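Notes to accompany the following structure.
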Amino acid sequence: MLKYFDPHIHMVSRTTDDYQNMAAAGITGVIEPAFWQGQARTSVGSFIDYFDTLLGWERFRASMFGIHHFCTIGLNPKEANDLSVANEVLEILPRYLVKDGVVAVGEIGYDDITPEEDRFLAAQLELAKQFNLPVLVHTPHRDKIGGTKRTLAVIREVGIAEHLVIIDHLNELTLPLVLDSDCWRGHSIYPNTKMSEQRMVALLQQYGTEKMVVNSAADWGISDPLKVPKTGQAMLAAGFSEAQVEQVLFHNPVDFFAQSGQLDKALVGTPLPIDQRRQWQDNSALRGQEPVIK
Amino acid sequence: MNTDVTAPTSAPLDMRHDCLNEQRRNFVQSLDETERQWWHQAQAQLALRPDASTAALLSSQCKRHLKERAQPDTDGWSNVQLARALLLAQALELQPLAGQVPLLHQLFRWGDDQEKIAILKALDWLDSRGQCVELARQAGRTSNSQVFAALALDTAYPSRHYNEQAFNQLVLKALGMGLDVRRLIGLTQRQSVTLNQLALDLLDEQLAAERTVSAGLPQVIAFDLLSPAQRQRLAGLGQQQRLPPPWLERLGDASPN
C-alpha cells in the first residue's frame with residue numbers, strides 16, 4: 001500500500017471513524033495546525049486549553065489508531081485582530097513552540113489583511129527564526145492574490161529562510177507567485193471552496209512535483225479527511241508513478257516539517273504500534289469495545 | 001456572570017434619537033395587550049437598573065414574551081430584534097455618557113448570535129459617528145451568514161464608517177457568502193478601481209476552479225472604471241461564453257463611444 005501523510009488536518013473536529021478510515025487508506029501521520037474554532041475566543045485561557053489538547057488528548061487519540069500526530073502552534077490571522085486576546089496569546093507561544101510534537105509555527109498569515117494581521121504575522125515569523133522552526137502560512141479566502149504577494153513581502157522583510165516556509169491553500173492563480181520563491185507550496189483539497197483532486201493533478205502536470213505539498217485541511221466544515229489518498233488515486237489515474245505519488249503525498253511534507261528536528265522520517269513511514277488498553281489521564285477513546293493491540 | 005466592563009471609557013455615542021423614537025412608537029403600536037404589558041414592565045425595570053446585567057436579562061426574555069413576526073415598515077426586522085435593539089438603546093440613553101461605548105461592547109460580547117444580529121442591525125441608529133467601527137469589524141469576522149448579513153445588508157453603517165480596505169473586504173465576504181450585494185447600502189458610492197481589481201481577481205479564481213461565477217459580481221464592478229485591458233479581457237471571456245449574460249449587458253452599457 002502507498003503511504004501518505006496529511007500535513008494539514010484539524011483532527012479535534014473529526015471522529016474516530018475518520019482516524020480508522022485514514023489509517024486504512026495508508027495515512028501514517030498527520031499535522032494539526034492550530035487555527036480558529038469557528039467562533040472567536042474571548043480569553044487567552046481558551047487558547048491554552050486548545051494548545052494543550054493538540055499536544056495531549058488529540059495526540060493520544062491519533063495513536064489509538066496507529067497514526068503519528070504532530071501539531072503547529074500559532075495565533076491565526078482572524079483572531080490576531082482582537083488585541084485584547086492576541087497580545088496575551090503571543091506571549092505564551094514561546095513556551096509551546098519548544099514542546100514535543102510541535103513541528104512549526106502556524107497557521108499564521110492573513111484573513112482581512114489588516115495592520116494588526118501584519119504585525120502578528122511578522123512577530124510570529126520572528127519567533128520561528130528565534131526557535132529555528134518551519135512556518136505554515138495560511139493564505140486568505142478574500143483578495144487571495146494580494147494576500148499571497150503581501151505574505152511573500154513580509155517573509156522577505158523578516159528575513160526568514162524561505163525553505164523554512166510553506167505557503168498553503170494555493171490555487172492556479174497564487175501558485176505561480178510562490179514558484180518564484182524558495183518557499184514550499186501547499187494545496188488544500190477541500191470540497192467546493194479550495195482545490196479539487198483533478199485541479200491538483202493539473203497543477204502537478206504543469207509545474208512538477210518539487211516542493212509541492214497536498215493536504216485535506218479537513219475541519220469542522222463539510223470536508224474530507226481522505227482527500228490526500230484520493231489525490232494519490234487521481235495522480236495514478238493521470239499517469240503519475242507510485243514513486244511520484246509518494247514524493248508529493250508523503251516525502252515532500254515530511255521533509256518540510258522534519259526541518260523542525262521534531263519529526264523522524266524513518267519513524268513516521270510506519271504506523272505506530274496500537275495498544276488501545278492505554279489511557280490518557282485515565283480516559284480512553286474506547287466505549288466498551290474490545291481493545292485492539294497490534 | 002462576569003460583570004466587568006473591560007472596554008475603555010470613551011466619548012459618548014451620537015445616537016439617532018429621532019429615528020429611535022419613531023421605531024419605539026411603531027413598535028408599541030404593533031404589540032398586543034399582553035405583549036404591551038410585558039414591554040412596559042421591561043422598560044420600567046431597565047429604567048430602575050440600566051446596567052448590563054438587567055439589559056442582557058431582558059434582551060434574552062424578548063423571545064419568550066413576544067410572538068415573533070416581521071415588524072411592519074422596517075427593512076427586514078422582526079419584532080423581537082427590534083425589541084432587543086430598543087432595550088439596548090434605552091440602556092445606553094440612561095448611562096453616564098462615558099459608559100455608553102463600554103456598555104455596548106459588553107452587551108455585544110454577552111449576546112448570543114440572535115442578540116448580536118439585533119445590535120448590528122441597530123448600529124447605524126446607535127452610533128452615527130462610527131465609534132464602534134472596530135466592534136463592527138470584529139463582528140464581521142463571523143462565519144454565521146445571518147450575523148454577517150445583519151452587519152452588511154440594509155444598513156449604511158459600513159459605507160459610512162469603514163475605510164476603503166475594510167469596505168472592500170466586506171463586499172468580498174458578502175459575495176463569498178452568496179448574499180444579495182444589491183442590499184449593500186452605499187456600494188455604488190464606494191466602487192473603485194481597487195474594488196474592480198479585487199472583483200476581477202475573484203472572477204479569475206472562480207473561472208479557474210470552474211465554479212459558478214458569483215451572481216452579485218457584476219453589481220460590484222464599476223464598469224465605467226475598467227481599464228481597456230480589463231475590458232478587453234472581459235469581452236474575450238464573453239466571446240468564449242464563459243461569462244453569464246448580465247456581464248455582457250453591463251459591459252455593453254459601459255462601452256466607450
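Chain lettering (A, B, ...) mirrors the order of the C-alpha cells, residue numbering begins at 1 for each chain separately, and ligand numbering begins at 1 in order of display.
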Among range 27-273 of chain A, which ones does DSSP place in alpha helix (DSSP H), written as an MDAnalysis selection string?
chainID A and resid 44:55 57:63 77:80 83:97 115:131 144:158 175:179 197:207 227:237 242:246 252:258 265:268
Per-residue nearest contacts of chain B to chain A (8 Å; only C-alpha atoms) as a Markdown table:
| residue | atom | partner | partner_atom | distance |
| --- | --- | --- | --- | --- |
| B:Gln138 | CA | A:Asp82 | CA | 7.3 |
| B:Arg141 | CA | A:Lys78 | CA | 7.0 |
| B:Thr142 | CA | A:Gln39 | CA | 6.6 |
| B:Ser143 | CA | A:Gly38 | CA | 6.7 |
| B:Ala166 | CA | A:Asp112 | CA | 7.7 |
| B:Gln169 | CA | A:Asp112 | CA | 6.5 |
| B:Leu172 | CA | A:Arg142 | CA | 6.3 |
| B:Lys173 | CA | A:Arg142 | CA | 7.0 |
| B:Leu198 | CA | A:Asp143 | CA | 6.1 |
| B:Asp201 | CA | A:Asp143 | CA | 7.4 |
| B:Leu202 | CA | A:Asp143 | CA | 7.4 |
| B:Asp204 | CA | A:Leu173 | CA | 7.9 |
| B:Glu205 | CA | A:Leu173 | CA | 6.8 |
| B:Ala208 | CA | A:Glu172 | CA | 6.7 |
| B:Ala209 | CA | A:Met195 | CA | 7.4 |
Print the selection's residues with C-alpha atoms to a file, as an mmCIF file, in the first residue's frame.
data_model
loop_
_atom_site.group_PDB
_atom_site.id
_atom_site.type_symbol
_atom_site.label_atom_id
_atom_site.label_comp_id
_atom_site.auth_asym_id
_atom_site.auth_seq_id
_atom_site.Cartn_x
_atom_site.Cartn_y
_atom_site.Cartn_z
ATOM 1 C CA GLN B 138 -14.703 42.101 14.797
ATOM 2 C CA ARG B 141 -15.258 38.037 11.202
ATOM 3 C CA THR B 142 -18.089 35.646 11.981
ATOM 4 C CA SER B 143 -18.802 32.615 9.840
ATOM 5 C CA ALA B 166 -12.366 47.273 5.189
ATOM 6 C CA GLN B 169 -13.273 43.087 2.384
ATOM 7 C CA LEU B 172 -15.856 40.251 -0.950
ATOM 8 C CA LYS B 173 -17.135 38.390 2.102
ATOM 9 C CA LEU B 198 -10.445 42.550 -6.426
ATOM 10 C CA ASP B 201 -9.360 38.511 -9.293
ATOM 11 C CA LEU B 202 -12.295 36.691 -7.706
ATOM 12 C CA ASP B 204 -10.491 34.644 -12.367
ATOM 13 C CA GLU B 205 -10.340 32.398 -9.313
ATOM 14 C CA ALA B 208 -10.001 28.710 -12.873
ATOM 15 C CA ALA B 209 -11.850 26.475 -10.425
#
Distance query range 89-92 of chain B at most 12 Å, only C-alpha atoms, self and fewer than 3 positions along chain excluded, as a PyMOL selection string:
chain B and resi 12-17+19-21+23-24+42-56+58-59+82-86+95-107+118-119+122-127
Give me every strand (DSSP E or B) residue in range 9-253 of chain A, going by DSSP on the backbone, as a tab-separated table (two decimals) with N, CA, C and O atoms, in the first residue's frame.
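Below is the file that was written, out.tsv:
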chain	number	residue	atom	x	y	z
A	27	ILE	N	-2.67	6.45	5.51
A	27	ILE	CA	-2.13	7.67	6.14
A	27	ILE	C	-1.43	7.25	7.43
A	27	ILE	O	-2.06	6.70	8.34
A	28	THR	N	-0.15	7.53	7.49
A	28	THR	CA	0.62	7.12	8.68
A	28	THR	C	0.82	8.26	9.67
A	28	THR	O	1.16	8.02	10.82
A	29	GLY	N	0.62	9.50	9.20
A	29	GLY	CA	0.83	10.62	10.11
A	29	GLY	C	0.09	11.86	9.68
A	29	GLY	O	-0.28	12.01	8.50
A	30	VAL	N	-0.14	12.72	10.64
A	30	VAL	CA	-0.86	13.97	10.36
A	30	VAL	C	-0.18	15.13	11.09
A	30	VAL	O	0.51	14.93	12.10
A	31	ILE	N	-0.42	16.31	10.56
A	31	ILE	CA	-0.06	17.54	11.29
A	31	ILE	C	-1.31	18.35	11.48
A	31	ILE	O	-2.08	18.56	10.54
A	32	GLU	N	-1.53	18.76	12.72
A	32	GLU	CA	-2.73	19.51	13.06
A	32	GLU	C	-2.34	20.95	13.38
A	32	GLU	O	-1.82	21.25	14.46
A	33	PRO	N	-2.59	21.87	12.46
A	33	PRO	CA	-2.25	23.27	12.75
A	33	PRO	C	-3.25	23.90	13.71
A	33	PRO	O	-4.46	23.65	13.60
A	68	HIS	N	0.64	8.80	13.61
A	68	HIS	CA	1.54	9.78	14.24
A	68	HIS	C	0.87	11.15	14.16
A	68	HIS	O	0.42	11.56	13.09
A	69	HIS	N	0.86	11.87	15.27
A	69	HIS	CA	0.19	13.18	15.30
A	69	HIS	C	1.19	14.24	15.76
A	69	HIS	O	1.83	14.11	16.80
A	70	PHE	N	1.30	15.27	14.94
A	70	PHE	CA	2.12	16.43	15.29
A	70	PHE	C	1.25	17.67	15.15
A	70	PHE	O	0.15	17.61	14.60
A	71	CYS	N	1.74	18.78	15.66
A	71	CYS	CA	0.92	19.99	15.51
A	71	CYS	C	1.81	21.20	15.23
A	71	CYS	O	3.03	21.16	15.41
A	72	THR	N	1.17	22.25	14.77
A	72	THR	CA	1.83	23.55	14.67
A	72	THR	C	1.09	24.48	15.63
A	72	THR	O	-0.12	24.32	15.85
A	73	ILE	N	1.82	25.40	16.19
A	73	ILE	CA	1.23	26.31	17.19
A	73	ILE	C	1.39	27.74	16.71
A	73	ILE	O	2.46	28.15	16.27
A	102	VAL	N	5.65	19.65	18.44
A	102	VAL	CA	5.37	20.91	17.74
A	102	VAL	C	6.39	21.05	16.61
A	102	VAL	O	7.58	21.19	16.85
A	103	VAL	N	5.89	21.00	15.37
A	103	VAL	CA	6.82	20.94	14.23
A	103	VAL	C	6.88	22.24	13.44
A	103	VAL	O	7.61	22.31	12.44
A	104	ALA	N	6.11	23.24	13.84
A	104	ALA	CA	6.17	24.51	13.10
A	104	ALA	C	5.39	25.57	13.86
A	104	ALA	O	4.61	25.28	14.78
A	105	VAL	N	5.58	26.81	13.43
A	105	VAL	CA	4.72	27.92	13.84
A	105	VAL	C	3.59	27.97	12.81
A	105	VAL	O	3.83	27.97	11.61
A	106	GLY	N	2.34	28.02	13.27
A	106	GLY	CA	1.25	28.09	12.29
A	106	GLY	C	-0.10	27.75	12.90
A	106	GLY	O	-0.17	27.32	14.05
A	107	GLU	N	-1.18	27.89	12.13
A	107	GLU	CA	-1.27	28.63	10.90
A	107	GLU	C	-1.25	30.11	11.22
A	107	GLU	O	-2.04	30.58	12.04
A	108	ILE	N	-0.38	30.81	10.50
A	108	ILE	CA	-0.37	32.25	10.61
A	108	ILE	C	-0.57	32.82	9.21
A	108	ILE	O	-0.55	32.08	8.23
A	109	GLY	N	-0.78	34.12	9.11
A	109	GLY	CA	-0.97	34.68	7.78
A	109	GLY	C	-1.97	35.82	7.78
A	109	GLY	O	-2.01	36.60	8.73
A	135	VAL	N	7.54	27.25	9.21
A	135	VAL	CA	6.32	28.06	9.36
A	135	VAL	C	5.28	27.60	8.36
A	135	VAL	O	5.59	27.39	7.18
A	136	LEU	N	4.05	27.48	8.84
A	136	LEU	CA	2.91	27.18	7.97
A	136	LEU	C	2.08	28.45	7.81
A	136	LEU	O	1.54	28.96	8.79
A	137	VAL	N	2.01	28.94	6.58
A	137	VAL	CA	1.30	30.20	6.33
A	137	VAL	C	0.00	29.94	5.57
A	137	VAL	O	0.00	29.29	4.51
A	138	HIS	N	-1.07	30.44	6.16
A	138	HIS	CA	-2.41	30.35	5.55
A	138	HIS	C	-2.59	31.55	4.61
A	138	HIS	O	-2.28	32.68	4.98
A	165	VAL	N	9.58	27.90	5.00
A	165	VAL	CA	8.19	28.39	4.95
A	165	VAL	C	7.39	27.60	3.94
A	165	VAL	O	7.85	27.39	2.80
A	166	ILE	N	6.20	27.18	4.35
A	166	ILE	CA	5.25	26.62	3.39
A	166	ILE	C	4.05	27.56	3.30
A	166	ILE	O	3.52	27.99	4.34
A	167	ILE	N	3.69	27.90	2.09
A	167	ILE	CA	2.54	28.79	1.88
A	167	ILE	C	1.39	27.93	1.38
A	167	ILE	O	1.51	27.24	0.36
A	168	ASP	N	0.30	27.99	2.13
A	168	ASP	CA	-0.75	26.98	1.96
A	168	ASP	C	-1.99	27.55	1.26
A	168	ASP	O	-2.14	28.76	1.11
A	184	TRP	N	7.95	26.42	0.17
A	184	TRP	CA	7.25	25.21	-0.23
A	184	TRP	C	5.81	25.58	-0.58
A	184	TRP	O	5.31	26.62	-0.15
A	185	ARG	N	5.17	24.72	-1.36
A	185	ARG	CA	3.87	25.06	-1.94
A	185	ARG	C	2.78	24.11	-1.43
A	185	ARG	O	2.78	22.94	-1.79
A	186	GLY	N	1.88	24.64	-0.63
A	186	GLY	CA	0.82	23.82	-0.04
A	186	GLY	C	-0.49	24.00	-0.80
A	186	GLY	O	-0.81	25.10	-1.25
A	187	HIS	N	-1.24	22.91	-0.90
A	187	HIS	CA	-2.53	22.94	-1.59
A	187	HIS	C	-3.54	22.13	-0.78
A	187	HIS	O	-3.26	21.00	-0.39
A	188	SER	N	-4.70	22.71	-0.54
A	188	SER	CA	-5.73	22.03	0.23
A	188	SER	C	-6.80	21.52	-0.72
A	188	SER	O	-7.38	22.28	-1.49
A	189	ILE	N	-7.05	20.22	-0.62
A	189	ILE	CA	-8.07	19.59	-1.47
A	189	ILE	C	-9.34	19.52	-0.63
A	189	ILE	O	-9.46	18.67	0.26
A	195	MET	N	-9.27	23.49	-3.55
A	195	MET	CA	-8.88	22.76	-4.76
A	195	MET	C	-9.58	21.41	-4.84
A	195	MET	O	-9.96	20.84	-3.81
A	212	MET	N	6.11	20.49	-3.84
A	212	MET	CA	4.65	20.53	-3.90
A	212	MET	C	4.09	19.65	-2.78
A	212	MET	O	4.50	18.50	-2.62
A	213	VAL	N	3.14	20.21	-2.04
A	213	VAL	CA	2.57	19.54	-0.88
A	213	VAL	C	1.04	19.60	-0.98
A	213	VAL	O	0.49	20.60	-1.45
A	214	VAL	N	0.39	18.53	-0.55
A	214	VAL	CA	-1.07	18.44	-0.65
A	214	VAL	C	-1.62	18.04	0.71
A	214	VAL	O	-1.04	17.20	1.39
A	215	ASN	N	-2.73	18.67	1.09
A	215	ASN	CA	-3.37	18.31	2.36
A	215	ASN	C	-4.88	18.33	2.19
A	215	ASN	O	-5.39	18.80	1.17
Which residue out of B:Leu248, B:Leu237, B:Leu184, B:Ala70 has the minimum interatomic distance to Val220 in chain B when only C-alpha atoms are used?
B:Leu184
Figure out the distance between CA of Asn144 in chain B and CA of Gly186 in chain B, please, to one decimal in Å.
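The value is 22.6 Å.
For the pair CA of Phe47 in chain A and CA of Ala80 in chain A, the separation is 12.3 Å.
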So that I can check the surroundings of range 76-80 of chain B, please list as a PyMOL selection string every protein, DNA and RNA residue that reaches within 8 Å of it, counting only C-alpha atoms and ignoring chain neighbours fewer than 6 positions away.
chain B and resi 27+62-63+66-70
Spatial neighbours of Ala222 in chain B, max dist 7 Å, only C-alpha atoms, sep filter under 4 positions, as a list of chain:residue names:
B:Gln191, B:Ser192, B:Asn196, B:Leu226
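Coordinates place CA of Leu151 in chain B at a distance of 7.6 Å from CA of Ile117 in chain B.
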Name the residues in contact with range 86-92 of chain A at a cut-off of 12 Å, using only C-alpha atoms, excluding same-chain residues fewer than 4 positions from it; report them as number ranges by chain.
A: 40-52, 73-82, 96-98, 105, 108, 116-117, 119-127
Hey, which of A:Leu267, A:Leu272, A:Leu204, A:Leu236 ends up closest to Phe60 in chain A? Count only C-alpha atoms.
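Looking only at the distances to Phe60 in chain A, the closest residue turns out to be A:Leu272.
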Would you mind listing what lies within 9 Å of Val12 in chain A as a PyMOL selection string, with only C-alpha atoms counted and same-chain residues fewer than 4 positions away left out?
chain A and resi 32+53-54+58+219-220
Please produce a file of those selected residues containing all heavy atoms, as a PDB file, in the first residue's frame.
ATOM      1  N   GLU A  32      -1.528  18.760  12.716  1.00  0.00           N
ATOM      2  CA  GLU A  32      -2.732  19.508  13.065  1.00  0.00           C
ATOM      3  C   GLU A  32      -2.344  20.951  13.382  1.00  0.00           C
ATOM      4  O   GLU A  32      -1.819  21.246  14.459  1.00  0.00           O
ATOM      5  CB  GLU A  32      -3.416  18.867  14.281  1.00  0.00           C
ATOM      6  CG  GLU A  32      -4.625  19.659  14.753  1.00  0.00           C
ATOM      7  CD  GLU A  32      -5.702  18.781  15.367  1.00  0.00           C
ATOM      8  OE1 GLU A  32      -5.413  17.618  15.695  1.00  0.00           O
ATOM      9  OE2 GLU A  32      -6.834  19.266  15.512  1.00  0.00           O
ATOM     10  N   THR A  53      -4.745  20.600  24.299  1.00  0.00           N
ATOM     11  CA  THR A  53      -5.469  19.489  23.675  1.00  0.00           C
ATOM     12  C   THR A  53      -4.714  18.960  22.460  1.00  0.00           C
ATOM     13  O   THR A  53      -4.611  17.740  22.254  1.00  0.00           O
ATOM     14  CB  THR A  53      -6.879  19.956  23.243  1.00  0.00           C
ATOM     15  OG1 THR A  53      -7.595  20.341  24.398  1.00  0.00           O
ATOM     16  CG2 THR A  53      -7.635  18.840  22.540  1.00  0.00           C
ATOM     17  N   LEU A  54      -4.179  19.875  21.657  1.00  0.00           N
ATOM     18  CA  LEU A  54      -3.430  19.435  20.470  1.00  0.00           C
ATOM     19  C   LEU A  54      -2.210  18.599  20.870  1.00  0.00           C
ATOM     20  O   LEU A  54      -1.851  17.632  20.199  1.00  0.00           O
ATOM     21  CB  LEU A  54      -2.968  20.638  19.644  1.00  0.00           C
ATOM     22  CG  LEU A  54      -4.043  21.529  19.034  1.00  0.00           C
ATOM     23  CD1 LEU A  54      -3.410  22.583  18.127  1.00  0.00           C
ATOM     24  CD2 LEU A  54      -5.056  20.719  18.241  1.00  0.00           C
ATOM     25  N   GLU A  58      -5.399  14.883  21.778  1.00  0.00           N
ATOM     26  CA  GLU A  58      -5.552  14.577  20.364  1.00  0.00           C
ATOM     27  C   GLU A  58      -4.408  13.707  19.867  1.00  0.00           C
ATOM     28  O   GLU A  58      -4.598  12.809  19.051  1.00  0.00           O
ATOM     29  CB  GLU A  58      -5.660  15.870  19.544  1.00  0.00           C
ATOM     30  CG  GLU A  58      -6.301  15.658  18.186  1.00  0.00           C
ATOM     31  CD  GLU A  58      -7.654  14.967  18.252  1.00  0.00           C
ATOM     32  OE1 GLU A  58      -8.502  15.355  19.082  1.00  0.00           O
ATOM     33  OE2 GLU A  58      -7.869  14.006  17.484  1.00  0.00           O
ATOM     34  N   ASP A 219     -11.755  19.832   8.554  1.00  0.00           N
ATOM     35  CA  ASP A 219     -12.004  20.527   9.818  1.00  0.00           C
ATOM     36  C   ASP A 219     -13.451  20.321  10.221  1.00  0.00           C
ATOM     37  O   ASP A 219     -14.056  19.298   9.893  1.00  0.00           O
ATOM     38  CB  ASP A 219     -11.641  22.017   9.685  1.00  0.00           C
ATOM     39  CG  ASP A 219     -12.383  22.703   8.538  1.00  0.00           C
ATOM     40  OD1 ASP A 219     -13.304  22.094   7.966  1.00  0.00           O
ATOM     41  OD2 ASP A 219     -12.036  23.854   8.212  1.00  0.00           O
ATOM     42  N   TRP A 220     -14.037  21.326  10.868  1.00  0.00           N
ATOM     43  CA  TRP A 220     -15.421  21.213  11.315  1.00  0.00           C
ATOM     44  C   TRP A 220     -16.415  21.545  10.204  1.00  0.00           C
ATOM     45  O   TRP A 220     -17.617  21.431  10.377  1.00  0.00           O
ATOM     46  CB  TRP A 220     -15.667  22.113  12.532  1.00  0.00           C
ATOM     47  CG  TRP A 220     -14.816  23.346  12.547  1.00  0.00           C
ATOM     48  CD1 TRP A 220     -13.662  23.530  13.258  1.00  0.00           C
ATOM     49  CD2 TRP A 220     -15.003  24.559  11.807  1.00  0.00           C
ATOM     50  NE1 TRP A 220     -13.123  24.767  12.999  1.00  0.00           N
ATOM     51  CE2 TRP A 220     -13.928  25.420  12.110  1.00  0.00           C
ATOM     52  CE3 TRP A 220     -15.985  25.002  10.898  1.00  0.00           C
ATOM     53  CZ2 TRP A 220     -13.803  26.690  11.559  1.00  0.00           C
ATOM     54  CZ3 TRP A 220     -15.858  26.255  10.341  1.00  0.00           C
ATOM     55  CH2 TRP A 220     -14.777  27.082  10.677  1.00  0.00           C
TER      56      TRP A 220
END
